[in-house]
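Chemist: Quick one: the structure is below, questions incoming.
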Amino acid sequence: MAQALLFLFLGLAGSAGPAHFGMRVLAYRQQLDRGLGFAAGTADGGLAYSWWLMRFGQRALADPALRQFGAIAGIMGWVTLLGLVGSAFSIAATSVQ
């Protein structure tokens, strides 16, 4: 159970989750303010936009600030996802014993 909490705090509640969501907001605002086009289904800034950032789709738009915000959001999104998966596996492993 301690491992599950460690993964959860590192990945979601600790720093990666808030960093992902904060940088996602900055990237979204940058894209709106500059009038840069959105990929299909990402204009609402929801989960599809997060996934687009996590796949580093913002690189194609060639806006330096968007690339920075998007890269941090993408990296922190992957860390968050790994933390959630690690938490789930740790909880599942401890509940089996």
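Quick note on naming: the chains in the structure tokens go A, B, ... in the order shown, residues restart at 1 in each chain, and ligands are numbered from 1 in order of appearance.
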Skipping near chain neighbours, those fewer than 5 positions away, what residues fall within 12 Å of Ala48 of chain A using only C-alpha atoms, listed as a list of chain:residue names?
Modeler: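 Non-adjacent residues within range: A:Arg24, A:Tyr28, A:Phe38, A:Ala39, A:Ala40, A:Gly41, A:Thr42, A:Ala43, A:Leu53, A:Met54, A:Arg55, A:Gly57.
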Chemist: Mind pulling up the distance from atom CA of Gly17 of chain A to atom CA of Leu82 of chain A?
Modeler: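 These atoms are spaced 10.8 Å apart.
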Chemist: Which residue is closest to Pro18 of chain A? Choose from A:Ala93, A:Leu32, A:Val85, A:Ile72 and count only C-alpha atoms.
Modeler: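 Checking each of A:Ala93, A:Leu32, A:Val85, A:Ile72 against Pro18 of chain A, counting only C-alpha atoms, the winner is A:Ile72.
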Chemist: List as a list in words the protein and nucleic acid residues near Ala73 of chain A, meaning an atom at most 12 Å away when only C-alpha atoms are counted, but skip any in the same chain fewer than 6 places from it.
Modeler: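 Residues meeting the cut-off are Ser15, Ala16, Gly17, Pro18, Ala19, His20, Phe21, Gly22, Met23, Arg24, Val25, Leu26, Ala27, Tyr28, Tyr49, Ser50, Trp51, Trp52, Leu53, Met54, Arg55, Phe56, Gly57, Gln58, Leu66, Arg67, Val79, Thr80 and Leu81 of chain A.
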Chemist: If you keep N, CA and C atoms, can you produce a file of those selected residues as an mmCIF file, in the first residue's frame?
Modeler:
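In the end it all went to part.cif:
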```
data_model
loop_
_atom_site.group_PDB
_atom_site.id
_atom_site.type_symbol
_atom_site.label_atom_id
_atom_site.label_comp_id
_atom_site.auth_asym_id
_atom_site.auth_seq_id
_atom_site.Cartn_x
_atom_site.Cartn_y
_atom_site.Cartn_z
ATOM 1 N N SER A 15 3.407 16.597 -7.852
ATOM 2 C CA SER A 15 3.814 17.727 -8.684
ATOM 3 C C SER A 15 3.454 17.539 -10.142
ATOM 4 N N ALA A 16 3.481 16.330 -10.628
ATOM 5 C CA ALA A 16 3.272 16.112 -12.060
ATOM 6 C C ALA A 16 1.844 16.443 -12.495
ATOM 7 N N GLY A 17 0.872 16.029 -11.725
ATOM 8 C CA GLY A 17 -0.520 16.313 -12.080
ATOM 9 C C GLY A 17 -0.818 17.804 -12.124
ATOM 10 N N PRO A 18 -0.536 18.531 -11.024
ATOM 11 C CA PRO A 18 -0.760 19.981 -11.077
ATOM 12 C C PRO A 18 0.071 20.689 -12.148
ATOM 13 N N ALA A 19 1.296 20.242 -12.363
ATOM 14 C CA ALA A 19 2.130 20.859 -13.407
ATOM 15 C C ALA A 19 1.522 20.623 -14.781
ATOM 16 N N HIS A 20 1.026 19.409 -15.019
ATOM 17 C CA HIS A 20 0.403 19.117 -16.317
ATOM 18 C C HIS A 20 -0.802 20.020 -16.547
ATOM 19 N N PHE A 21 -1.678 20.092 -15.559
ATOM 20 C CA PHE A 21 -2.893 20.877 -15.751
ATOM 21 C C PHE A 21 -2.592 22.370 -15.846
ATOM 22 N N GLY A 22 -1.637 22.856 -15.065
ATOM 23 C CA GLY A 22 -1.263 24.262 -15.136
ATOM 24 C C GLY A 22 -0.659 24.629 -16.477
ATOM 25 N N MET A 23 0.263 23.813 -16.959
ATOM 26 C CA MET A 23 0.897 24.092 -18.245
ATOM 27 C C MET A 23 -0.077 23.883 -19.399
ATOM 28 N N ARG A 24 -1.017 22.975 -19.224
ATOM 29 C CA ARG A 24 -2.035 22.770 -20.254
ATOM 30 C C ARG A 24 -2.882 24.025 -20.403
ATOM 31 N N VAL A 25 -3.225 24.658 -19.283
ATOM 32 C CA VAL A 25 -3.993 25.906 -19.336
ATOM 33 C C VAL A 25 -3.183 26.994 -20.038
ATOM 34 N N LEU A 26 -1.896 27.105 -19.693
ATOM 35 C CA LEU A 26 -1.054 28.112 -20.343
ATOM 36 C C LEU A 26 -0.912 27.849 -21.838
ATOM 37 N N ALA A 27 -0.729 26.585 -22.206
ATOM 38 C CA ALA A 27 -0.615 26.243 -23.631
ATOM 39 C C ALA A 27 -1.913 26.561 -24.371
ATOM 40 N N TYR A 28 -3.032 26.224 -23.754
ATOM 41 C CA TYR A 28 -4.329 26.476 -24.380
ATOM 42 C C TYR A 28 -4.553 27.977 -24.573
ATOM 43 N N TYR A 49 -7.209 17.485 -25.805
ATOM 44 C CA TYR A 49 -6.135 18.481 -25.872
ATOM 45 C C TYR A 49 -4.934 18.015 -25.046
ATOM 46 N N SER A 50 -5.206 17.432 -23.877
ATOM 47 C CA SER A 50 -4.115 16.882 -23.061
ATOM 48 C C SER A 50 -3.367 15.795 -23.812
ATOM 49 N N TRP A 51 -4.110 14.915 -24.461
ATOM 50 C CA TRP A 51 -3.486 13.823 -25.215
ATOM 51 C C TRP A 51 -2.662 14.379 -26.369
ATOM 52 N N TRP A 52 -3.173 15.413 -27.030
ATOM 53 C CA TRP A 52 -2.444 16.061 -28.125
ATOM 54 C C TRP A 52 -1.127 16.648 -27.608
ATOM 55 N N LEU A 53 -1.164 17.285 -26.443
ATOM 56 C CA LEU A 53 0.063 17.818 -25.845
ATOM 57 C C LEU A 53 1.019 16.698 -25.449
ATOM 58 N N MET A 54 0.478 15.616 -24.926
ATOM 59 C CA MET A 54 1.323 14.494 -24.502
ATOM 60 C C MET A 54 1.991 13.821 -25.699
ATOM 61 N N ARG A 55 1.428 13.969 -26.874
ATOM 62 C CA ARG A 55 2.051 13.452 -28.091
ATOM 63 C C ARG A 55 2.893 14.527 -28.780
ATOM 64 N N PHE A 56 3.084 15.665 -28.113
ATOM 65 C CA PHE A 56 3.911 16.780 -28.571
ATOM 66 C C PHE A 56 3.460 17.308 -29.928
ATOM 67 N N GLY A 57 2.137 17.396 -30.116
ATOM 68 C CA GLY A 57 1.577 17.926 -31.346
ATOM 69 C C GLY A 57 1.825 19.412 -31.537
ATOM 70 N N GLN A 58 2.146 20.105 -30.446
ATOM 71 C CA GLN A 58 2.363 21.550 -30.523
ATOM 72 C C GLN A 58 3.641 21.912 -31.262
ATOM 73 N N LEU A 66 4.396 28.316 -26.958
ATOM 74 C CA LEU A 66 3.512 27.156 -26.980
ATOM 75 C C LEU A 66 4.318 25.863 -26.908
ATOM 76 N N ARG A 67 5.441 25.841 -27.600
ATOM 77 C CA ARG A 67 6.293 24.650 -27.549
ATOM 78 C C ARG A 67 6.793 24.403 -26.135
ATOM 79 N N VAL A 79 4.288 11.562 -16.843
ATOM 80 C CA VAL A 79 4.636 11.196 -15.464
ATOM 81 C C VAL A 79 3.360 10.932 -14.657
ATOM 82 N N THR A 80 2.341 11.759 -14.859
ATOM 83 C CA THR A 80 1.065 11.558 -14.180
ATOM 84 C C THR A 80 0.450 10.223 -14.575
ATOM 85 N N LEU A 81 0.446 9.932 -15.860
ATOM 86 C CA LEU A 81 -0.111 8.668 -16.339
ATOM 87 C C LEU A 81 0.645 7.477 -15.765
#
```
Chemist: What is the atom CA of Ser87 of chain A to atom CA of Gly45 of chain A distance in Å?
Modeler: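 We find that atom CA of Ser87 of chain A and atom CA of Gly45 of chain A lie 26.1 Å from each other.
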Chemist: According to DSSP computed on the backbone, where in chain A is there helix (DSSP H, G or I)? Give the residues as an NGL selection string.
Modeler: :A and (2-14 or 16-34 or 47-54 or 57-61 or 64-96)
Chemist: From the list A:Ala65, A:Ala2, A:Leu84, A:Met76, which residue is nearest Arg29 of chain A when using only C-alpha atoms?
Modeler: A:Ala65
